[in-house]
>>> print(open('start35.txt').read())   # compact mmCIF, C-alpha atoms
# COMPACT_ATOMS: atom_id res chain seq x y z
CA MET W 19 0.00 0.00 0.00
CA THR W 20 1.28 3.46 -0.93
CA LYS W 21 2.25 5.49 2.13
CA HIS W 22 0.05 8.51 2.75
CA ILE W 23 1.80 11.87 2.44
CA GLN W 24 1.16 13.99 5.51
CA ALA W 25 1.59 17.68 6.28
CA ILE W 26 5.03 18.79 7.44
CA ARG W 27 5.47 18.71 11.21
CA GLY W 28 4.44 22.03 12.70
CA MET W 29 2.44 23.05 9.63
CA HIS W 30 -1.31 22.49 9.81
CA ASP W 31 -4.31 22.41 7.54
CA ILE W 32 -7.13 24.75 8.52
CA LEU W 33 -10.26 22.68 7.99
CA PRO W 34 -13.69 23.97 6.93
CA GLU W 35 -15.26 23.52 10.38
CA ARG W 36 -12.78 26.03 11.86
CA ILE W 37 -12.41 28.48 9.00
CA ALA W 38 -15.44 30.55 10.04
CA ILE W 39 -13.64 31.57 13.26
CA TRP W 40 -10.62 32.63 11.18
CA HIS W 41 -12.93 34.69 8.98
CA ARG W 42 -14.47 36.30 12.04
CA ILE W 43 -11.08 37.42 13.37
CA GLU W 44 -9.87 38.64 9.97
CA ASP W 45 -13.11 40.45 9.14
CA THR W 46 -13.31 42.08 12.57
CA ALA W 47 -9.68 43.19 12.36
CA ARG W 48 -10.27 44.65 8.91
CA GLN W 49 -13.24 46.65 10.18
CA VAL W 50 -11.40 47.95 13.25
CA LEU W 51 -8.27 48.86 11.27
CA SER W 52 -10.30 50.58 8.58
CA GLY W 53 -11.94 52.63 11.32
CA TYR W 54 -8.49 53.98 12.27
CA GLY W 55 -7.47 54.72 8.66
CA TYR W 56 -5.07 51.79 8.11
CA ALA W 57 -4.64 50.47 4.55
CA GLU W 58 -3.81 46.85 3.70
CA ILE W 59 -0.51 45.88 2.05
CA ARG W 60 0.51 42.40 0.85
CA THR W 61 4.15 41.37 0.59
CA PRO W 62 5.86 38.19 -0.72
CA LEU W 63 6.40 35.13 1.45
CA VAL W 64 10.03 34.93 0.27
CA GLU W 65 12.63 37.67 0.71
CA VAL W 66 16.41 37.88 0.44
CA THR W 67 17.94 36.51 3.63
CA ASP W 68 19.95 39.68 4.19
CA LEU W 69 16.74 41.64 4.81
CA PHE W 70 16.11 39.71 8.01
CA LYS W 71 19.75 39.61 9.08
CA ARG W 72 19.97 43.38 8.83
CA SER W 73 16.63 44.08 10.50
CA ILE W 74 16.08 41.38 13.11
CA GLY W 75 19.78 41.02 14.04
CA GLU W 76 22.27 38.29 13.22
CA VAL W 77 22.65 37.17 16.84
CA THR W 78 18.93 36.69 17.50
CA ASP W 79 17.42 33.22 17.86
CA ILE W 80 15.29 33.83 14.76
CA VAL W 81 18.26 34.40 12.44
CA GLU W 82 20.63 31.94 14.11
CA LYS W 83 18.26 29.00 14.59
CA GLU W 84 14.77 29.49 13.21
CA MET W 85 14.76 30.83 9.65
CA TYR W 86 13.88 28.65 6.67
CA SER W 87 16.67 29.74 4.31
CA PHE W 88 17.82 28.24 1.03
CA GLU W 89 19.91 29.04 -2.02
CA ASP W 90 18.00 29.53 -5.25
CA ARG W 91 19.24 28.63 -8.75
CA ASN W 92 20.99 31.98 -9.11
CA GLY W 93 22.97 31.36 -5.93
CA ASP W 94 21.05 33.97 -3.94
CA SER W 95 20.22 33.24 -0.31
CA LEU W 96 16.46 33.51 0.20
CA SER W 97 14.29 33.00 3.29
CA LEU W 98 10.66 32.39 4.08
CA ARG W 99 9.62 35.44 6.06
CA PRO W 100 9.81 34.83 9.85
CA GLU W 101 7.96 38.08 10.62
CA GLY W 102 6.25 40.84 8.68
CA THR W 103 7.75 44.17 9.76
CA ALA W 104 10.97 43.88 7.75
CA SER W 105 9.03 43.03 4.57
CA CYS W 106 6.66 45.94 5.15
CA VAL W 107 9.57 48.36 5.62
CA ARG W 108 11.31 47.01 2.52
CA ALA W 109 8.15 47.48 0.45
CA ALA W 110 7.57 50.99 1.80
CA ILE W 111 11.12 52.04 0.88
CA GLU W 112 11.08 50.32 -2.52
CA HIS W 113 7.80 51.90 -3.64
CA GLY W 114 8.41 55.38 -2.24
CA LEU W 115 5.59 55.25 0.29
CA LEU W 116 7.48 57.11 2.99
CA VAL W 117 7.26 60.59 1.47
CA GLN W 118 4.30 61.02 3.84
CA PRO W 119 3.04 59.26 6.99
CA GLN W 120 1.64 55.81 6.36
CA ARG W 121 -0.62 53.53 8.37
CA LEU W 122 -0.44 49.99 6.97
CA TRP W 123 -1.56 46.50 7.94
CA TYR W 124 -1.03 43.00 6.56
CA ARG W 125 -1.93 39.41 7.24
CA GLY W 126 -0.60 36.02 6.23
CA PRO W 127 1.69 33.12 7.07
CA MET W 128 5.12 33.41 8.71
CA PHE W 129 7.69 30.63 9.08
CA ARG W 130 10.08 29.69 11.87
CA TYR W 131 11.83 26.40 12.51
CA GLU W 132 10.90 25.84 16.15
CA ARG W 133 9.90 22.87 18.26
CA PRO W 134 6.14 22.63 17.62
CA GLN W 135 4.03 23.01 20.74
CA ARG W 136 0.72 24.46 21.78
CA GLY W 137 0.37 27.94 20.30
CA ARG W 138 3.71 27.77 18.45
CA TYR W 139 3.97 26.35 14.94
CA ARG W 140 6.49 26.30 12.12
CA GLN W 141 3.98 27.92 9.82
CA PHE W 142 1.85 30.38 11.73
CA HIS W 143 -0.33 33.31 10.79
CA GLN W 144 -0.22 36.92 11.90
CA ILE W 145 -1.97 40.20 11.44
CA GLY W 146 0.57 43.00 11.60
CA VAL W 147 0.09 46.76 11.85
CA GLU W 148 2.74 49.40 11.11
CA ALA W 149 2.75 53.23 11.19
CA PHE W 150 5.54 55.28 9.59
CA GLY W 151 6.48 58.94 9.86
CA LEU W 152 4.85 59.69 13.23
CA ASP W 153 7.19 60.25 16.16
CA GLY W 154 4.95 61.32 19.05
CA PRO W 155 3.64 59.07 21.82
CA ASP W 156 0.09 59.53 20.48
CA ILE W 157 0.63 56.95 17.72
CA ASP W 158 2.05 54.46 20.24
CA LEU W 159 -1.06 55.04 22.33
CA GLU W 160 -3.32 54.63 19.29
CA MET W 161 -1.76 51.23 18.55
CA ILE W 162 -2.55 50.00 22.05
CA LEU W 163 -6.08 51.44 22.11
CA LEU W 164 -6.70 49.88 18.69
CA THR W 165 -5.85 46.43 20.00
CA ALA W 166 -8.04 46.97 23.07
CA ARG W 167 -10.94 47.83 20.75
CA LEU W 168 -10.28 44.69 18.71
CA TRP W 169 -10.49 42.49 21.83
CA ARG W 170 -13.84 44.08 22.67
CA ALA W 171 -15.12 43.61 19.13
CA LEU W 172 -14.14 39.92 19.27
CA GLY W 173 -15.70 39.46 22.71
CA LEU W 174 -12.38 38.42 24.28
CA GLN W 175 -11.49 39.23 27.88
CA GLY W 176 -8.82 38.45 30.43
CA PHE W 177 -5.80 39.93 28.66
CA ARG W 178 -2.99 41.53 30.64
CA LEU W 179 -1.22 44.50 29.04
CA GLU W 180 2.46 44.91 29.92
CA LEU W 181 4.53 47.96 28.95
CA ASN W 182 8.15 49.01 29.04
CA SER W 183 10.46 51.57 27.48
CA LEU W 184 13.78 50.46 26.00
CA GLY W 185 14.95 54.04 25.71
CA ASP W 186 16.98 55.45 22.84
CA PRO W 187 20.20 53.79 21.56
CA ASP W 188 22.62 55.92 23.61
CA GLU W 189 20.62 55.31 26.81
CA ARG W 190 20.44 51.62 26.09
CA LEU W 191 24.20 51.48 25.42
CA ALA W 192 24.97 52.99 28.82
CA TYR W 193 22.55 50.59 30.45
CA ARG W 194 24.03 47.64 28.56
CA GLU W 195 27.45 48.28 30.09
CA GLN W 196 26.01 48.17 33.62
CA LEU W 197 23.89 45.11 32.81
CA VAL W 198 26.81 43.16 31.35
CA ALA W 199 28.94 44.01 34.38
CA TYR W 200 26.20 42.83 36.74
CA LEU W 201 25.39 39.64 34.83
CA GLY W 202 29.08 38.90 34.32
CA ALA W 203 29.55 38.87 38.08
CA HIS W 204 26.86 36.16 38.26
CA ALA W 205 27.74 34.29 35.07
CA ASP W 206 28.26 31.02 36.92
CA GLN W 207 24.58 31.09 37.94
CA LEU W 208 23.11 31.82 34.50
CA ASP W 209 21.68 29.19 32.18
CA ALA W 210 23.63 28.26 29.03
CA ASP W 211 21.60 30.39 26.60
CA SER W 212 21.89 33.44 28.84
CA CYS W 213 25.66 32.98 29.10
CA LYS W 214 25.84 32.99 25.33
CA ARG W 215 23.69 36.12 25.08
CA LEU W 216 25.68 37.94 27.74
CA HIS W 217 28.10 39.44 25.19
CA THR W 218 25.92 39.34 22.06
CA ASN W 219 22.41 40.38 23.12
CA PRO W 220 22.42 40.92 26.89
CA LEU W 221 18.97 42.54 27.07
CA ARG W 222 17.46 39.21 26.04
CA VAL W 223 18.75 37.74 29.31
CA LEU W 224 16.13 39.89 31.05
CA ASP W 225 13.47 37.87 29.23
CA SER W 226 14.87 34.47 30.24
CA LYS W 227 12.31 31.90 31.41
CA HIS W 228 14.94 29.86 33.28
CA PRO W 229 14.07 29.94 37.04
CA ARG W 230 17.66 30.31 38.22
CA THR W 231 18.38 33.11 35.76
CA GLN W 232 15.13 34.87 36.68
CA LYS W 233 16.33 35.13 40.29
CA ILE W 234 19.53 36.84 39.12
CA VAL W 235 17.64 39.14 36.75
CA ALA W 236 15.25 40.23 39.52
CA ALA W 237 18.07 42.17 41.17
CA ALA W 238 19.62 43.51 37.95
CA PRO W 239 19.90 47.25 37.25
CA SER W 240 16.76 48.74 35.69
CA LEU W 241 16.76 50.33 32.25
CA MET W 242 14.12 52.78 33.54
CA ASP W 243 16.82 54.39 35.67
CA HIS W 244 18.79 55.22 32.51
CA LEU W 245 16.00 56.99 30.60
CA GLY W 246 16.49 60.66 29.83
CA GLU W 247 13.89 63.39 30.14
CA VAL W 248 12.63 63.02 26.56
CA THR W 249 12.19 59.26 26.53
CA ARG W 250 10.75 59.24 30.04
CA GLY W 251 8.25 61.94 29.02
CA HIS W 252 7.31 59.93 25.92
CA PHE W 253 6.56 56.89 28.07
CA GLU W 254 4.64 58.85 30.70
CA ARG W 255 2.34 60.38 28.07
CA ILE W 256 1.43 56.89 26.87
CA ARG W 257 0.68 55.83 30.42
CA HIS W 258 -1.43 58.94 30.98
CA GLY W 259 -3.43 58.20 27.81
CA LEU W 260 -4.09 54.63 28.90
CA ASP W 261 -5.22 55.87 32.31
CA GLU W 262 -7.57 58.34 30.63
CA ALA W 263 -8.98 55.57 28.41
CA GLY W 264 -9.48 53.21 31.36
CA VAL W 265 -7.10 50.57 29.98
CA ASP W 266 -5.35 48.65 32.76
CA TYR W 267 -1.65 47.88 32.33
CA LEU W 268 1.46 46.79 34.17
CA VAL W 269 4.87 48.41 33.71
CA ASN W 270 7.29 45.50 33.39
CA PRO W 271 10.92 46.76 33.46
CA ARG W 272 12.10 43.30 32.33
CA LEU W 273 9.99 43.30 29.18
CA VAL W 274 12.18 43.21 26.07
CA ARG W 275 11.39 42.00 22.57
CA GLY W 276 13.30 39.29 20.73
CA LEU W 277 14.09 41.55 17.78
CA ASP W 278 17.01 44.01 17.76
CA TYR W 279 15.22 46.89 16.05
CA TYR W 280 13.01 48.08 18.95
CA ASN W 281 13.52 51.32 20.86
CA ARG W 282 11.41 53.24 23.37
CA THR W 283 7.92 51.73 23.71
CA VAL W 284 7.43 47.96 23.79
CA PHE W 285 4.23 46.21 24.82
CA GLU W 286 2.61 42.79 25.03
CA TRP W 287 -0.95 41.55 25.50
CA ILE W 288 -0.77 38.32 27.51
CA THR W 289 -3.30 35.65 28.47
CA ASP W 290 -3.04 32.95 31.11
CA ASP W 291 -5.36 30.63 29.15
CA LEU W 292 -2.79 29.25 26.67
CA GLY W 293 -0.07 27.93 28.93
CA ALA W 294 3.51 28.96 28.22
CA GLN W 295 2.64 30.61 24.89
CA GLY W 296 0.60 33.37 26.47
CA THR W 297 1.68 36.38 24.39
CA VAL W 298 -1.11 37.02 21.89
CA CYS W 299 -0.05 40.41 20.56
CA ALA W 300 3.22 42.31 20.87
CA GLY W 301 5.08 45.22 19.35
CA GLY W 302 6.62 48.60 19.90
CA ARG W 303 8.57 51.45 18.37
CA TYR W 304 11.46 50.94 15.91
CA ASP W 305 12.62 54.37 14.81
CA GLY W 306 15.96 53.24 13.36
CA LEU W 307 14.86 50.37 11.14
CA VAL W 308 13.91 52.28 7.97
CA GLU W 309 17.31 53.98 7.83
CA GLN W 310 19.00 50.69 8.70
CA LEU W 311 17.42 49.14 5.60
CA GLY W 312 18.47 51.95 3.27
CA GLY W 313 15.65 54.47 3.61
CA ARG W 314 15.74 57.94 5.07
CA SER W 315 15.39 58.30 8.83
CA THR W 316 11.71 57.60 9.61
CA PRO W 317 10.03 57.05 12.98
CA ALA W 318 7.94 53.89 13.08
CA VAL W 319 5.85 51.78 15.45
CA GLY W 320 3.91 48.55 15.00
CA PHE W 321 2.71 45.25 16.38
CA ALA W 322 1.73 41.74 15.32
CA MET W 323 -0.83 39.30 16.70
CA GLY W 324 -0.91 35.52 16.36
CA LEU W 325 -4.07 34.26 14.70
CA GLU W 326 -3.77 30.64 15.85
CA ARG W 327 -3.74 31.82 19.45
CA LEU W 328 -6.74 34.09 18.93
CA VAL W 329 -8.65 31.23 17.29
CA GLU W 330 -7.94 28.99 20.28
CA LEU W 331 -9.02 31.71 22.71
CA LEU W 332 -12.32 32.18 20.88
CA GLU W 333 -12.92 28.43 20.95
CA LEU W 334 -12.09 28.26 24.67
CA ALA W 335 -14.56 31.10 25.25
CA GLY W 336 -17.29 29.06 23.58
CA HIS W 337 -17.51 31.01 20.35
CA ALA W 338 -18.71 28.26 18.03
CA ALA W 339 -18.11 28.49 14.31
CA GLU W 340 -21.12 29.53 12.28
CA PRO W 341 -22.58 26.89 9.92
CA PRO W 342 -21.30 27.29 6.35
CA VAL W 343 -24.80 27.64 4.86
CA ASP W 344 -28.15 29.21 5.70
CA ALA W 345 -30.37 26.88 3.68
CA TYR W 346 -30.11 23.51 1.92
CA LEU W 347 -32.28 22.88 -1.15
CA VAL W 348 -33.71 19.34 -1.29
CA ALA W 349 -35.05 18.39 -4.75
CA VAL W 350 -37.03 15.13 -5.12
CA GLY W 351 -38.10 13.79 -8.49
CA GLU W 352 -36.66 14.24 -11.96
CA ARG W 353 -38.55 17.47 -12.77
CA ALA W 354 -37.65 19.04 -9.44
CA GLN W 355 -33.98 18.09 -9.82
CA GLN W 356 -33.90 19.71 -13.25
CA ALA W 357 -35.61 22.87 -12.00
CA ALA W 358 -33.60 23.21 -8.76
CA PRO W 359 -30.35 24.75 -10.12
CA MET W 360 -32.12 27.62 -11.90
CA LEU W 361 -34.47 28.28 -8.99
CA ALA W 362 -31.46 28.34 -6.66
CA GLU W 363 -29.78 30.90 -8.94
CA ARG W 364 -32.91 33.08 -8.81
CA LEU W 365 -32.86 32.91 -5.00
CA ARG W 366 -29.19 33.91 -4.91
CA ASP W 367 -29.95 36.85 -7.21
CA ALA W 368 -32.87 37.92 -5.02
CA VAL W 369 -30.97 37.50 -1.73
CA PRO W 370 -27.25 38.23 -2.42
CA ALA W 371 -26.14 37.46 1.14
CA LEU W 372 -27.89 34.08 1.18
CA ARG W 373 -25.65 31.05 1.66
CA LEU W 374 -27.59 28.35 -0.19
CA MET W 375 -26.41 24.81 -0.85
CA THR W 376 -28.24 22.84 -3.52
CA HIS W 377 -28.31 19.06 -3.24
CA CYS W 378 -26.53 17.30 -6.08
CA GLY W 379 -26.37 13.62 -6.96
CA GLY W 380 -30.01 12.57 -6.52
CA GLY W 381 -31.21 10.26 -3.76
CA SER W 382 -34.35 9.72 -1.76
CA PHE W 383 -36.11 12.43 0.21
CA LYS W 384 -34.93 10.84 3.48
CA SER W 385 -31.27 10.67 2.44
CA GLN W 386 -31.31 14.24 1.15
CA PHE W 387 -32.91 15.49 4.36
CA LYS W 388 -30.17 13.80 6.40
CA LYS W 389 -27.55 15.63 4.33
CA ALA W 390 -29.43 18.87 4.81
CA ASP W 391 -29.28 18.37 8.58
CA ARG W 392 -25.57 17.45 8.52
CA SER W 393 -24.80 20.59 6.49
CA GLY W 394 -25.52 22.73 9.55
CA ALA W 395 -28.10 24.78 7.64
CA ARG W 396 -30.85 26.55 9.55
CA TYR W 397 -33.51 25.61 6.98
CA ALA W 398 -34.25 22.87 4.51
CA LEU W 399 -35.96 24.08 1.35
CA VAL W 400 -38.08 21.33 -0.20
CA LEU W 401 -38.85 21.16 -3.89
CA GLY W 402 -40.85 18.25 -5.28
CA GLU W 403 -43.51 17.57 -7.86
CA VAL W 404 -46.27 19.02 -5.64
CA GLU W 405 -44.29 22.20 -4.92
CA LEU W 406 -43.57 22.67 -8.62
CA GLU W 407 -47.24 22.38 -9.46
CA ARG W 408 -48.17 24.96 -6.78
CA ASP W 409 -45.21 27.24 -7.63
CA VAL W 410 -44.04 27.19 -3.98
CA PHE W 411 -41.15 25.97 -1.84
CA GLY W 412 -41.47 23.94 1.32
CA ILE W 413 -39.37 25.35 4.18
CA LYS W 414 -38.55 23.37 7.32
CA PRO W 415 -36.50 24.69 10.28
CA LEU W 416 -33.63 22.35 11.17
CA ARG W 417 -32.20 23.97 14.33
CA GLU W 418 -35.43 24.69 16.19
CA GLU W 419 -38.92 23.29 16.55
CA GLY W 420 -41.36 24.12 13.79
CA GLU W 421 -43.55 22.59 11.13
CA GLN W 422 -42.83 22.64 7.43
CA ARG W 423 -44.79 25.30 5.58
CA GLU W 424 -45.12 26.54 2.03
CA LEU W 425 -43.97 29.92 0.70
CA GLY W 426 -44.07 31.40 -2.77
CA PHE W 427 -40.82 32.62 -4.32
CA ASP W 428 -41.20 36.27 -3.28
CA GLU W 429 -42.31 35.30 0.24
CA LEU W 430 -39.35 32.95 0.59
CA ALA W 431 -36.89 35.58 -0.65
CA ALA W 432 -38.27 38.10 1.84
CA PHE W 433 -38.07 35.55 4.68
CA LEU W 434 -34.48 34.51 3.92
CA GLY W 435 -33.38 38.09 3.34
>>> encode(input="start35.txt", output="structure tokens")
Amino acid sequence: MTKHIQAIRGMHDILPERIAIWHRIEDTARQVLSGYGYAEIRTPLVEVTDLFKRSIGEVTDIVEKEMYSFEDRNGDSLSLRPEGTASCVRAAIEHGLLVQPQRLWYRGPMFRYERPQRGRYRQFHQIGVEAFGLDGPDIDLEMILLTARLWRALGLQGFRLELNSLGDPDERLAYREQLVAYLGAHADQLDADSCKRLHTNPLRVLDSKHPRTQKIVAAAPSLMDHLGEVTRGHFERIRHGLDEAGVDYLVNPRLVRGLDYYNRTVFEWITDDLGAQGTVCAGGRYDGLVEQLGGRSTPAVGFAMGLERLVELLELAGHAAEPPVDAYLVAVGERAQQAAPMLAERLRDAVPALRLMTHCGGGSFKSQFKKADRSGARYALVLGEVELERDVFGIKPLREEGEQRELGFDELAAFLG
């Protein structure tokens, strides 16, 4: 027997019974983002590897361990995109979008070679949001308020918002020297990964999940103590705006992001309902990235949210997927089966939003009715010889109690509309 080919480990099919929840998240996000004036952009799945090395940082876990990179036939090193910000910046520079402020968003698959586990996959999907050319704290605040509105629109609760400021590069450099000195004095107590990061990316040690390292980090110098008047004022204005809006938050001085390009504001929305992979949405400011990738100096801020994690949260909250159809047309008898396709087309013309499935393949009334019930439709529409003679449809509720009744075409269209 031929061996079945299966999906690659960590890459999953999204089956029809779950796709409606995906649509709900995507459609709701589109509506919310449109309400803030954000325009959609779509970028390729494959980029030159150097784009991510220059933006994310060569000594990050993503570049060192997790990227899907390969050499194409021309000898160029290409990579499946591990995140969306670098691609968005590249596109904005390439197409001259940054001559004026831009608010952009995107969605689609990202790829990282990680150990698959709950909430973390090798192909995963994100919605990302980026704003360019705006340097005040008001756009940082807008990003956070936008996400809070999205959670409300989706009916999700229980998130914890954590904030921090990473300061500007010169402030972070001064802090880095103190941090390295402190961690170096306790190097024998750090875990192996943190020891490696100590001289390459020491701020990532602050984010270590290793219990022994966390104890050392708890007493480390605070970056907040190294912020100047400007960066501290920027951060305080964001906090004031969140207080005014009634959005609860926690200032977490150990919060850093795994990408090298962040400065000033960083934030995460976290849930306790997904185990270790509790960060659902995260982002911050990255004022140096556009210039780093060859554009002119441009302030920027953005975030990304994981769709798989949002889908799971909606399912845990009891948000069932909607049935794929509203009505299922049962046609019994040769004349009815011949007439059914054209009558179904007339119904779709009369009620454009109607999701109508027409039975195909013949079969008895009983077998067709079973398929109508299994379709998840709210109503079965019955068309037989008697209905054809009377120029009516039978309509039978499938999800609630009720007798079958007869409606003429116009009555049926009005009812289903």
>>> atom_distance(input="start35.txt", atom1="CA of Val265 in chain W", atom2="CA of Leu163 in chain W")
8.0 Å
>>> closest_residue(input="start35.txt", among="W:Pro155, W:Pro415, W:Gly296, W:Gly381", to="Leu331 in chain W", atoms="all atoms listed in the file")
W:Gly296
>>> residues_around(input="start35.txt", residues="Leu325 in chain W", least_positions_apart="3", cutoff="6 Å", atoms="all atoms listed in the file", output="PDB file with C-alpha atoms, keeping the file's coordinate frame")
ATOM      1  CA  HIS W 143      -0.330  33.310  10.790  1.00  0.00           C
ATOM      2  CA  GLN W 144      -0.220  36.920  11.900  1.00  0.00           C
ATOM      3  CA  LEU W 328      -6.740  34.090  18.930  1.00  0.00           C
TER       4      LEU W 328
END
>>> closest_residue(input="start35.txt", among="W:Val274, W:Ala203, W:Leu307, W:Ala349", to="Leu224 in chain W", atoms="all atoms listed in the file")
W:Val274
>>> atom_distance(input="start35.txt", atom1="CA of Phe285 in chain W", atom2="CA of Gly302 in chain W")
6.0 Å
>>> atom_distance(input="start35.txt", atom1="CA of Gln356 in chain W", atom2="CA of Ser385 in chain W")
18.3 Å
>>> closest_residue(input="start35.txt", among="W:Leu179, W:Ala104, W:Ala57, W:Val350", to="Ala300 in chain W", atoms="only C-alpha atoms")
W:Leu179
>>> residues_around(input="start35.txt", residues="range 336-339 of chain W", least_positions_apart="3", cutoff="7 Å", atoms="all atoms listed in the file", output="number ranges by chain")
W: 35-36, 38-39, 332-333
>>> closest_residue(input="start35.txt", among="W:Pro229, W:Glu421, W:Arg194, W:Arg408", to="Leu216 in chain W", atoms="all atoms listed in the file")
W:Arg194
>>> residues_near_point(input="start35.txt", point="(-10.9, 37.7, 13.0)", cutoff="12 Å", atoms="only C-alpha atoms", output="MDAnalysis selection string")
chainID W and resid 36:51 125 143:145 168:174 323:332 337 339
>>> closest_residue(input="start35.txt", among="W:Leu98, W:Ala318, W:Ala354, W:Val235", to="Val410 in chain W", atoms="only C-alpha atoms")
W:Ala354
>>> residues_around(input="start35.txt", residues="range 108-115 of chain W", least_positions_apart="4", cutoff="10 Å", atoms="all atoms listed in the file", output="count of residues only")
19
>>> closest_residue(input="start35.txt", among="W:Met29, W:Val223, W:Val298, W:Leu241", to="Gln196 in chain W", atoms="only C-alpha atoms")
W:Leu241
>>> residues_around(input="start35.txt", residues="Ala237 in chain W", least_positions_apart="2", cutoff="12 Å", atoms="only C-alpha atoms", output="list in words")
Leu197, Tyr200, Leu201, His204, Leu224, Thr231, Gln232, Lys233, Ile234, Val235, Pro239, Ser240, Pro271 and Arg272 of chain W
>>> decode(input="start35.txt", residues="range 223-237 of chain W", atoms="N, CA, C and O atoms", output="CSV table (one decimal), in the first residue's frame")
chain,number,residue,atom,x,y,z
W,223,VAL,N,18.6,38.5,28.1
W,223,VAL,CA,18.7,37.7,29.3
W,223,VAL,C,17.6,38.2,30.3
W,223,VAL,O,17.1,37.3,31.0
W,224,LEU,N,17.2,39.4,30.2
W,224,LEU,CA,16.1,39.9,31.1
W,224,LEU,C,14.8,39.1,30.8
W,224,LEU,O,14.0,39.0,31.7
W,225,ASP,N,14.7,38.6,29.6
W,225,ASP,CA,13.5,37.9,29.2
W,225,ASP,C,13.6,36.4,29.4
W,225,ASP,O,12.7,35.6,29.0
W,226,SER,N,14.7,35.9,30.1
W,226,SER,CA,14.9,34.5,30.2
W,226,SER,C,13.7,33.8,31.1
W,226,SER,O,13.2,34.4,32.0
W,227,LYS,N,13.3,32.6,30.7
W,227,LYS,CA,12.3,31.9,31.4
W,227,LYS,C,12.9,30.9,32.4
W,227,LYS,O,12.2,30.1,33.0
W,228,HIS,N,14.3,30.8,32.4
W,228,HIS,CA,14.9,29.9,33.3
W,228,HIS,C,14.8,30.3,34.7
W,228,HIS,O,15.2,31.5,35.1
W,229,PRO,N,14.3,29.5,35.7
W,229,PRO,CA,14.1,29.9,37.0
W,229,PRO,C,15.3,30.5,37.7
W,229,PRO,O,15.2,31.5,38.4
W,230,ARG,N,16.4,29.8,37.5
W,230,ARG,CA,17.7,30.3,38.2
W,230,ARG,C,18.1,31.7,37.7
W,230,ARG,O,18.5,32.6,38.5
W,231,THR,N,18.0,31.8,36.4
W,231,THR,CA,18.4,33.1,35.8
W,231,THR,C,17.4,34.2,36.2
W,231,THR,O,17.8,35.4,36.4
W,232,GLN,N,16.1,33.9,36.3
W,232,GLN,CA,15.1,34.9,36.7
W,232,GLN,C,15.4,35.5,38.1
W,232,GLN,O,15.2,36.6,38.3
W,233,LYS,N,16.0,34.6,39.0
W,233,LYS,CA,16.3,35.1,40.3
W,233,LYS,C,17.5,36.1,40.2
W,233,LYS,O,17.5,37.2,40.9
W,234,ILE,N,18.4,35.9,39.3
W,234,ILE,CA,19.5,36.8,39.1
W,234,ILE,C,19.0,38.1,38.5
W,234,ILE,O,19.3,39.2,38.9
W,235,VAL,N,18.2,38.0,37.5
W,235,VAL,CA,17.6,39.1,36.7
W,235,VAL,C,16.8,40.0,37.7
W,235,VAL,O,16.8,41.3,37.5
W,236,ALA,N,16.1,39.4,38.6
W,236,ALA,CA,15.3,40.2,39.5
W,236,ALA,C,16.0,41.3,40.2
W,236,ALA,O,15.4,42.4,40.5
W,237,ALA,N,17.3,41.2,40.5
W,237,ALA,CA,18.1,42.2,41.2
W,237,ALA,C,19.0,43.0,40.2
W,237,ALA,O,19.8,43.8,40.7
